[in-house]
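K.L.:
Have a look at this one.
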Amino acid sequence: MDKEFDVLISGGTVLDPANQVHELCDVGLKDGKVAAVGNVLGQADDVIDATGLYVVPGLIDLHTHVYKDVSFFGIEADDLCPRTGVTTSIDTGTAGWINYRGLERYVIERSSTRILAYVNLSGVGLPWRRGEMVFEGYVSAEECAQAVLNHPKTALGVKARLYAGVGGDRDVRDLLKVAVDAAERCEKPLMIHVSNADVPLEDMLAQLRSGDIVTHCFHGTNPASILDDKGKVLPQARDARDRGVVFDIGHGLGSFSYDIGRAAMEDGFPPDTISSDIHTLNIDGPVYDLPTTMSKFLNLGMPLEEVIARTTIEPAKVIDRAEDLGHLSVGAAGDVAILELENGSFELIDSMKQVLMGEKRLTCRASVRDGKILWQESN
């Protein structure tokens, strides 16, 4: 006789911000989908005991680099994501319009982790740390847009890094115009990297449209800071958010400052999404993984429910997948992260090497994608 569920997650506290659920109950998964949420649900082929743990929708990391062995930045998604609760990893421009099919064929199609991606405005993507748009022949709005359109199952939009010198002597505002053109041609969002830009942030915000994403929004460098000279959030940033521009953390090696983040949050401007910008140069610190980045915001005073929302339903909305990802509604994808909220004393370091001694830390204990257990901590 068939059992009611393929996987039953029992005894945990379900925290599903999209559905405003925060209570002790079980989650049953069947045929890759959420089949039931409640109490005393029935029998299953596999049971995960989540007593004392939080059961949340599978985490969505909106900024990662997973084109391993092709890009200097690329990590192996399946070595990291399952043990950190990330069921959907968004590669942000590691591949460009020249080599995007390689990312799709050799990484996305072979990974247990769900991987989607933004196509880099530079045809070569991110092979190295600097200069991917110095050669003008690599920069083509038409070719980039066509690459996005040619890969509708995996490509989400366009990515451009706009830092000083990225295109040689070209003004990053001119490169941004090309990036916006590419995004408009394929009718998809644009994500821009703004840390270390040599122009004011408000000059870049003026070109962005609803649905576009500013990543590294709390970086600690000038003149592209989100704060004015009085330490207050730029009115242009508030205006941009009001018209639908998304502000993403993208922690990274050099793109997240506690001082900037704390000031922005105290001024009523929290990030829309929390992402790691995980890559080879920060996986061994200061980033480590998405739960560590989430823990930093917990210790900056953001409530747990909001931290979970900014790594589940909010990024799901950004990538236009809120119908099936980012929540535990019946019929949604069977993606689940089981997290422990630990209490103690934890050293948490930002990109500026500032240390925050935190009292709380999120740690993944198991993860499930499409109703299949990807990873479970050994007892």
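Residues in the structure tokens are numbered from 1 in each chain, the chains being A, B, ... in the order shown, and ligands are numbered from 1 in the order shown.
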Please identify all polymer residues within 8 Å of Gly220 of chain A, counting only C-alpha atoms, omitting same-chain residues fewer than 3 positions from it, and present them as number ranges by chain.

P.N.:
A: 195, 225, 255-257, 259-260, 352

K.L.:
Generate a file of the selected residues that holds C-alpha atoms, formatted as a compact mmCIF listing (two decimals), in the first residue's frame.

P.N.:
```
# COMPACT_ATOMS: atom_id res chain seq x y z
CA SER A 195 30.43 48.63 -5.37
CA SER A 225 27.22 54.81 -1.53
CA SER A 255 30.67 44.64 -0.78
CA PHE A 256 28.95 44.61 2.61
CA SER A 257 29.59 47.02 5.47
CA ASP A 259 28.23 50.52 9.25
CA ILE A 260 26.35 51.18 6.00
CA MET A 352 35.34 45.56 5.73
```

K.L.:
Would you list the contacts of segment 240-242 of chain A as a list in words, taking every protein, DNA or RNA residue within 10 Å and counting only C-alpha atoms, but skipping same-chain residues closer than 3 positions in sequence?

P.N.:
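In the requested form, the answer reads Glu202, Leu205, Ala206, Gln207, Leu208, Arg209, Ser210, Gly211, Asp212, Ile213, Leu234, Pro235, Gln236, Ala237, Val245, Val246, Phe247, Phe269 and Asp272 of chain A.
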
K.L.:
So that I can see what lies close to Leu8 of chain A, please list as a list of chain:residue names the residues with an atom at most 7 Å from it, counting only C-alpha atoms and leaving out residues fewer than 2 positions away in the same chain.

P.N.:
A:Phe5, A:Asp6, A:Ser10, A:Val27, A:Gly28, A:Leu29, A:Ala44, A:Asp46, A:Val47, A:Ile48

K.L.:
For the selection you just gave me, I'd like the residues written to a file as an mmCIF file, in the first residue's frame, keeping N, CA and C atoms.

P.N.:
```cif
data_model
loop_
_atom_site.group_PDB
_atom_site.id
_atom_site.type_symbol
_atom_site.label_atom_id
_atom_site.label_comp_id
_atom_site.auth_asym_id
_atom_site.auth_seq_id
_atom_site.Cartn_x
_atom_site.Cartn_y
_atom_site.Cartn_z
ATOM 1 N N PHE A 5 2.924 10.060 1.850
ATOM 2 C CA PHE A 5 3.943 11.026 1.460
ATOM 3 C C PHE A 5 5.252 10.342 1.104
ATOM 4 N N ASP A 6 6.012 10.991 0.275
ATOM 5 C CA ASP A 6 7.377 10.538 0.004
ATOM 6 C C ASP A 6 8.299 10.971 1.140
ATOM 7 N N SER A 10 8.588 16.292 10.367
ATOM 8 C CA SER A 10 7.698 16.305 11.530
ATOM 9 C C SER A 10 8.318 17.004 12.734
ATOM 10 N N VAL A 27 5.096 18.937 7.649
ATOM 11 C CA VAL A 27 5.012 19.192 6.213
ATOM 12 C C VAL A 27 5.164 17.869 5.479
ATOM 13 N N GLY A 28 4.183 17.527 4.644
ATOM 14 C CA GLY A 28 4.241 16.313 3.849
ATOM 15 C C GLY A 28 4.495 16.632 2.387
ATOM 16 N N LEU A 29 5.419 15.915 1.774
ATOM 17 C CA LEU A 29 5.789 16.128 0.377
ATOM 18 C C LEU A 29 5.470 14.878 -0.439
ATOM 19 N N ALA A 44 5.138 8.090 5.687
ATOM 20 C CA ALA A 44 5.989 8.508 4.577
ATOM 21 C C ALA A 44 7.142 7.532 4.406
ATOM 22 N N ASP A 46 10.217 8.495 3.840
ATOM 23 C CA ASP A 46 11.321 9.095 4.595
ATOM 24 C C ASP A 46 10.765 10.134 5.550
ATOM 25 N N VAL A 47 11.276 10.109 6.780
ATOM 26 C CA VAL A 47 10.823 11.048 7.805
ATOM 27 C C VAL A 47 12.023 11.820 8.336
ATOM 28 N N ILE A 48 11.889 13.137 8.371
ATOM 29 C CA ILE A 48 12.905 13.996 8.978
ATOM 30 C C ILE A 48 12.336 14.535 10.279
#
```

K.L.:
In terms of the shortest atom-to-atom distance over only C-alpha atoms, which of A:Arg365, A:Lys232, A:His279, A:Arg262 is closest to Tyr67 of chain A?

P.N.:
A:His279

K.L.:
Going by DSSP on the backbone, which bits of segment 145-277 of chain A are alpha helix (DSSP H)? Write them as a PyMOL selection string, please.

P.N.:
chain A and resi 145-150+172-186+201-205+235-242+258-266

K.L.:
Produce a file of the selected residues containing C-alpha atoms, as a tab-separated table (two decimals), in the first residue's frame.

P.N.:
```tsv
chain	number	residue	atom	x	y	z
A	145	ALA	CA	19.59	39.97	-25.19
A	146	GLN	CA	19.51	37.18	-27.76
A	147	ALA	CA	21.35	34.85	-25.38
A	148	VAL	CA	18.72	35.49	-22.72
A	149	LEU	CA	15.94	34.79	-25.22
A	150	ASN	CA	17.68	31.65	-26.50
A	172	VAL	CA	30.18	53.27	-16.36
A	173	ARG	CA	27.06	55.36	-16.97
A	174	ASP	CA	27.52	54.74	-20.70
A	175	LEU	CA	27.97	51.03	-20.06
A	176	LEU	CA	24.80	51.10	-18.00
A	177	LYS	CA	22.91	52.50	-20.99
A	178	VAL	CA	24.07	49.50	-23.03
A	179	ALA	CA	23.02	47.13	-20.24
A	180	VAL	CA	19.58	48.71	-20.00
A	181	ASP	CA	19.27	48.43	-23.78
A	182	ALA	CA	20.07	44.70	-23.56
A	183	ALA	CA	17.49	44.19	-20.82
A	184	GLU	CA	14.85	46.12	-22.76
A	185	ARG	CA	15.54	44.13	-25.93
A	186	CYS	CA	14.78	40.83	-24.14
A	201	LEU	CA	24.78	55.99	-7.13
A	202	GLU	CA	21.96	58.37	-7.98
A	203	ASP	CA	23.31	58.68	-11.54
A	204	MET	CA	22.89	54.92	-11.99
A	205	LEU	CA	19.56	54.66	-10.19
A	235	PRO	CA	16.18	60.17	-1.50
A	236	GLN	CA	16.90	58.83	-5.00
A	237	ALA	CA	17.21	55.33	-3.51
A	238	ARG	CA	13.80	55.67	-1.86
A	239	ASP	CA	12.36	56.93	-5.13
A	240	ALA	CA	13.90	53.99	-6.98
A	241	ARG	CA	12.41	51.51	-4.52
A	242	ASP	CA	9.03	53.20	-4.84
A	258	TYR	CA	27.98	46.75	8.90
A	259	ASP	CA	28.23	50.52	9.25
A	260	ILE	CA	26.35	51.18	6.00
A	261	GLY	CA	23.82	48.43	6.65
A	262	ARG	CA	23.11	49.53	10.20
A	263	ALA	CA	22.71	53.17	9.18
A	264	ALA	CA	20.41	52.32	6.27
A	265	MET	CA	18.25	50.03	8.37
A	266	GLU	CA	18.00	52.59	11.18
```

K.L.:
What's the 9 Å shell around segment 118-120 of chain A, counting only C-alpha atoms, without same-chain residues fewer than 2 positions away, as an NGL selection string?

P.N.:
:A and (90-97 or 100 or 116 or 122-126 or 144-145 or 147-148 or 154-161 or 189-191)

K.L.:
To one decimal in Å, tell me the separation between atom CA of Asp289 of chain A and atom CA of Ser276 of chain A.

P.N.:
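Separation of atom CA of Asp289 of chain A and atom CA of Ser276 of chain A: 6.5 Å.
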
K.L.:
Which parts of segment 143-287 of chain A does DSSP call strand (DSSP E) when run on the backbone here, written out as a count of residues only?

P.N.:
17

K.L.:
Distance atom CA of Tyr54 of chain A-atom CA of Thr13 of chain A, one decimal place?

P.N.:
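One can read the atom CA of Tyr54 of chain A to atom CA of Thr13 of chain A distance as 4.8 Å.
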
K.L.:
Can you work out which one of A:Gln20, A:Thr51, A:Thr87, A:Ser329 has the shortest atom-to-atom distance to Ala36 of chain A, counting only C-alpha atoms?

P.N.:
A:Ser329

K.L.:
For atom CA of Lys153 of chain A and atom CA of Gly32 of chain A, determine how far apart the two atoms are, in Å to one decimal place.

P.N.:
18.5 Å

K.L.:
Excluding Thr113 of chain A and residues on its chain fewer than 6 positions from it, collect all residues at most 7 Å away from it, counting only C-alpha atoms, and give them as a list of chain:residue names.

P.N.:
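Neighbouring residues, sequence-local ones excluded: A:Ala77, A:Asp78, A:Cys81, A:Thr87, A:Thr88.
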
K.L.:
Within 12 Å of Tyr163 of chain A, counting only C-alpha atoms, which residues qualify if same-chain residues fewer than 5 places away don't, as an MDAnalysis selection string?

P.N.:
chainID A and resid 129:134 168:173 175:176 192:201 204 216 221:224 255

K.L.:
For Ala117 of chain A, which residue out of A:Leu80, A:Ile319, A:Leu253, A:Val55 is the nearest one, using only C-alpha atoms?

P.N.:
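Of A:Leu80, A:Ile319, A:Leu253, A:Val55, the one nearest Ala117 of chain A is A:Ile319, counting only C-alpha atoms.
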
K.L.:
Please provide as a VMD selection string all residues within 12 Å of Pro315 of chain A, with the sequence filter that same-chain residues fewer than 3 positions apart are discarded (counting only C-alpha atoms).

P.N.:
chain A and resid 18 57 to 63 88 to 90 211 213 246 to 249 271 to 275 307 to 312 318 to 322 325 to 327

K.L.:
I'd like to know which of A:Thr280, A:Ser367, A:Ser140, A:Asn99 is closest to Glu76 of chain A, using only C-alpha atoms.

P.N.:
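Residue with the minimum atom-to-atom distance to Glu76 of chain A: A:Thr280.
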